[in-house]
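Student: Starting off with a structure, shown below.
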Amino acid sequence: MASQSLEAFVQAVQEVDDLQQADPTRPGGLPIDPTRTRVIGRASVVLLSSHFERYIYSINEEATTLLNSSGMPGELLPETLRLLHSRESIDSMLESAWKNRGDQLRSFVQNEAWLWSTTPPGTLVHGRLLTWMKTPTPNNLIRYYRYWNITDIFRAVTRAVHTRTDLRLKLDELVQKRNNIAHGDPSTEATRDDVGSYRDATLRFCERSDRQLARALRRISPESMFW
């Protein structure tokens, strides 16, 4: 069973396939219209990377929504996740003068105390778990899933070292090329084969990480229903 986020991502990838079909170049052949082929390759990278990033944000929101609906006590959540969730409030207090912290402390107790005590369950704010992530690079993905007690998401979704290395490489290439294109680098290109390899890598990662996150959530809250 797949999450709603994964189902949406799989459907979104079809847009990339459709865009690639607009390339008049035959697979393995020389470009018939080099300019058009180049533009399609660059556009495919940006589109696929955007859908991939959207999946990460969407699955984070879906996971926190399901945990919120389960009524799970905060003390059962991984401590690193609780620290991350409370960081924004704590950092804001530290930046304020001591005499101005009264309202912030009251807000913290009202909204965050359930994570650190036996008070009734509160609400996880999904946005707080990803404020630090600028792009879904492999290192950032490892960091994110570690908050859910998955030590290394790439080791969790792959067995062979060469498969894991290739997966990380393709995802990193995709994100870096997208960043280069977004910042106006005219030299960054992606062939049809490049786009195909990035497409396969993102699908493989999302499908497998989807299952790993569901298992991690069940370990946190065994009586709750996840995808």
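How things are named: the first chain in the structure tokens is A, the next is B, and so on; residues count from 1 in each chain; ligands count from 1 in the order shown.
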Show me, as a list in words, the residues that have an atom within 12 Å of Glu61 of chain A when counting only C-alpha atoms, minus same-chain residues fewer than 6 positions from it.

Tutor: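 Counting only C-alpha atoms, the residues come to Ser3, Gln4, Ser5, Arg54, Tyr55, Leu67, Asn68, Leu124, Val125, His126, Gly127, Arg128, Leu129 and Leu130 of chain A.
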
Student: Output N, CA and C atoms for every residue in that selection, as an mmCIF file, in the first residue's frame.

Tutor:
```cif
data_model
loop_
_atom_site.group_PDB
_atom_site.id
_atom_site.type_symbol
_atom_site.label_atom_id
_atom_site.label_comp_id
_atom_site.auth_asym_id
_atom_site.auth_seq_id
_atom_site.Cartn_x
_atom_site.Cartn_y
_atom_site.Cartn_z
ATOM 1 N N SER A 3 1.401 5.581 0.200
ATOM 2 C CA SER A 3 0.835 6.793 0.784
ATOM 3 C C SER A 3 0.167 7.619 -0.309
ATOM 4 N N GLN A 4 -0.672 8.540 0.102
ATOM 5 C CA GLN A 4 -1.280 9.456 -0.863
ATOM 6 C C GLN A 4 -0.208 10.314 -1.530
ATOM 7 N N SER A 5 0.826 10.632 -0.777
ATOM 8 C CA SER A 5 1.926 11.441 -1.313
ATOM 9 C C SER A 5 2.647 10.704 -2.433
ATOM 10 N N ARG A 54 8.469 18.167 -3.717
ATOM 11 C CA ARG A 54 7.088 18.220 -3.235
ATOM 12 C C ARG A 54 6.715 16.931 -2.517
ATOM 13 N N TYR A 55 7.211 15.798 -3.000
ATOM 14 C CA TYR A 55 6.916 14.536 -2.328
ATOM 15 C C TYR A 55 7.428 14.555 -0.892
ATOM 16 N N LEU A 67 -0.229 11.043 12.657
ATOM 17 C CA LEU A 67 0.152 10.941 14.065
ATOM 18 C C LEU A 67 -0.735 11.827 14.929
ATOM 19 N N ASN A 68 -1.055 13.011 14.441
ATOM 20 C CA ASN A 68 -1.940 13.899 15.191
ATOM 21 C C ASN A 68 -3.311 13.265 15.397
ATOM 22 N N LEU A 124 1.364 18.209 16.285
ATOM 23 C CA LEU A 124 2.627 18.428 15.590
ATOM 24 C C LEU A 124 2.375 19.395 14.430
ATOM 25 N N VAL A 125 3.245 20.372 14.293
ATOM 26 C CA VAL A 125 3.158 21.317 13.180
ATOM 27 C C VAL A 125 4.149 20.847 12.120
ATOM 28 N N HIS A 126 3.639 20.318 11.027
ATOM 29 C CA HIS A 126 4.516 19.667 10.053
ATOM 30 C C HIS A 126 5.573 20.602 9.481
ATOM 31 N N GLY A 127 5.252 21.878 9.339
ATOM 32 C CA GLY A 127 6.208 22.804 8.760
ATOM 33 C C GLY A 127 7.475 22.956 9.575
ATOM 34 N N ARG A 128 7.380 22.765 10.875
ATOM 35 C CA ARG A 128 8.547 22.929 11.731
ATOM 36 C C ARG A 128 9.598 21.851 11.498
ATOM 37 N N LEU A 129 9.188 20.745 10.928
ATOM 38 C CA LEU A 129 10.120 19.632 10.744
ATOM 39 C C LEU A 129 10.970 19.776 9.490
ATOM 40 N N LEU A 130 10.649 20.767 8.657
ATOM 41 C CA LEU A 130 11.395 20.922 7.406
ATOM 42 C C LEU A 130 11.866 22.345 7.144
#
```

Student: Do a neighbour search on Glu15 of chain A at 10 Å with only C-alpha atoms, toss out local chain neighbours closer than 4 positions, and write the hits as a list in words.

Tutor: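 Final neighbour list, sorted by chain and number: Val10, Gln11, Leu19, Gln20, Gln21, Ser44, Leu47, Leu48 and His51 of chain A.
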
Student: Give me, as a short mmCIF file (atom, residue, chain, number, x, y, z; two decimals) with N, CA and C atoms, in the first residue's frame, all polymer residues having an atom no more than 7 Å from segment 73-86 of chain A, counting only C-alpha atoms and skipping those fewer than 4 positions away in the same chain.

Tutor:
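Writing the result to out.cif gives the following:
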```cif
data_model
loop_
_atom_site.label_atom_id
_atom_site.label_comp_id
_atom_site.auth_asym_id
_atom_site.auth_seq_id
_atom_site.Cartn_x
_atom_site.Cartn_y
_atom_site.Cartn_z
N ILE A 90 12.05 27.79 21.19
CA ILE A 90 13.15 28.02 22.13
C ILE A 90 14.12 29.06 21.58
N GLU A 112 3.78 23.26 23.36
CA GLU A 112 4.89 22.32 23.29
C GLU A 112 5.03 21.42 24.52
N TRP A 114 3.23 19.22 25.82
CA TRP A 114 2.80 17.83 25.64
C TRP A 114 3.92 16.94 25.09
N LEU A 115 4.91 17.57 24.46
CA LEU A 115 6.03 16.79 23.93
C LEU A 115 7.01 16.39 25.03
N TRP A 116 6.96 17.07 26.16
CA TRP A 116 7.96 16.88 27.21
C TRP A 116 7.36 16.49 28.55
N SER A 117 6.08 16.16 28.55
CA SER A 117 5.43 15.78 29.80
C SER A 117 4.34 14.76 29.52
N PRO A 120 -2.07 15.83 28.08
CA PRO A 120 -2.79 15.29 26.93
C PRO A 120 -2.09 15.63 25.61
N PRO A 121 -2.23 14.76 24.62
CA PRO A 121 -1.55 14.98 23.33
C PRO A 121 -1.91 16.31 22.69
N ARG A 128 7.38 22.77 10.88
CA ARG A 128 8.55 22.93 11.73
C ARG A 128 9.60 21.85 11.50
N LEU A 129 9.19 20.74 10.93
CA LEU A 129 10.12 19.63 10.74
C LEU A 129 10.97 19.78 9.49
N TYR A 147 15.22 11.78 11.86
CA TYR A 147 14.30 12.29 12.89
C TYR A 147 13.18 11.28 13.17
N TRP A 148 12.94 10.37 12.23
CA TRP A 148 11.93 9.34 12.42
C TRP A 148 12.56 8.01 12.84
N ASN A 149 13.77 8.07 13.35
CA ASN A 149 14.50 6.89 13.82
C ASN A 149 14.92 5.93 12.70
N ILE A 220 6.62 3.66 16.18
CA ILE A 220 6.35 4.75 17.12
C ILE A 220 4.95 4.61 17.71
#
```

Student: Distance atom CA of Ile181 of chain A-atom CA of Ser58 of chain A, one decimal place?

Tutor: 23.8 Å

Student: Measure the distance from atom CA of Phe226 of chain A to atom CA of Ala214 of chain A in Å and round it to one decimal.

Tutor: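 Atom-to-atom, atom CA of Phe226 of chain A and atom CA of Ala214 of chain A are spaced 6.2 Å apart.
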
Student: So that I can check the surroundings of segment 188-199 of chain A, please list as a PyMOL selection string every protein, DNA and RNA residue that reaches within 7 Å of it, counting only C-alpha atoms and ignoring chain neighbours fewer than 6 positions away.

Tutor: chain A and resi 38+41-42+44-45+170-171+174+177+180-181

Student: Using DSSP on the backbone coordinates, identify all residues within segment 17-55 of chain A classified as alpha helix (DSSP H); present the result as a compact mmCIF listing (two decimals) with C-alpha atoms, in the first residue's frame.

Tutor:
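This went into selection.txt:
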```
# COMPACT_ATOMS: atom_id res chain seq x y z
CA ASP A 17 7.35 11.61 -19.45
CA ASP A 18 4.95 13.72 -21.50
CA LEU A 19 7.51 16.51 -21.74
CA GLN A 20 10.17 14.09 -22.94
CA GLN A 21 7.81 12.90 -25.67
CA PRO A 34 19.40 20.61 -30.71
CA THR A 35 17.96 23.79 -29.20
CA ARG A 36 14.58 22.20 -28.58
CA THR A 37 16.16 19.06 -27.17
CA ARG A 38 18.31 21.12 -24.80
CA VAL A 39 15.37 23.17 -23.53
CA ILE A 40 13.28 20.04 -22.97
CA GLY A 41 16.10 18.40 -21.03
CA ARG A 42 16.57 21.43 -18.78
CA ALA A 43 12.83 21.81 -18.25
CA SER A 44 12.51 18.11 -17.40
CA VAL A 45 15.17 18.43 -14.70
CA VAL A 46 13.42 21.39 -13.08
CA LEU A 47 10.01 19.72 -13.26
CA LEU A 48 11.16 16.36 -11.91
CA SER A 49 13.17 17.96 -9.11
CA SER A 50 10.17 20.08 -8.12
CA HIS A 51 7.91 17.02 -7.96
CA PHE A 52 10.54 15.14 -5.96
CA GLU A 53 10.86 17.98 -3.45
CA ARG A 54 7.09 18.22 -3.23
CA TYR A 55 6.92 14.54 -2.33
```

Student: Looking at only C-alpha atoms, which of A:Ser224, A:Thr25, A:Gln14, A:Thr202 is the one that sits closest to Thr65 of chain A?

Tutor: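 Nearest to Thr65 of chain A: A:Ser224.
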
Student: Do a neighbour search on Arg168 of chain A at 9 Å with only C-alpha atoms, toss out local chain neighbours closer than 3 positions, and write the hits as an MDAnalysis selection string.

Tutor: chainID A and resid 137:138 154 163:165 171:173 201

Student: I need the residues from that last selection saved to file as a compact mmCIF listing (two decimals), in the first residue's frame (with C-alpha atoms), if you can.

Tutor:
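New file out.txt:
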```txt
# COMPACT_ATOMS: atom_id res chain seq x y z
CA THR A 137 20.07 16.49 -1.30
CA PRO A 138 21.08 12.98 -0.18
CA PHE A 154 19.80 4.97 1.78
CA THR A 163 23.20 0.39 -6.01
CA ARG A 164 23.20 2.72 -3.01
CA THR A 165 26.08 4.76 -4.42
CA LEU A 171 19.57 12.18 -6.77
CA ASP A 172 22.44 14.54 -6.06
CA GLU A 173 22.95 15.20 -9.78
CA ALA A 201 16.10 7.09 -9.18
```

Student: For each of A:Leu30, A:Asn100, A:Ser89, A:Ile150, take the minimum atom-to-atom distance to Arg215 of chain A, counting only C-alpha atoms, then give the residue where this is smallest.

Tutor: A:Ile150
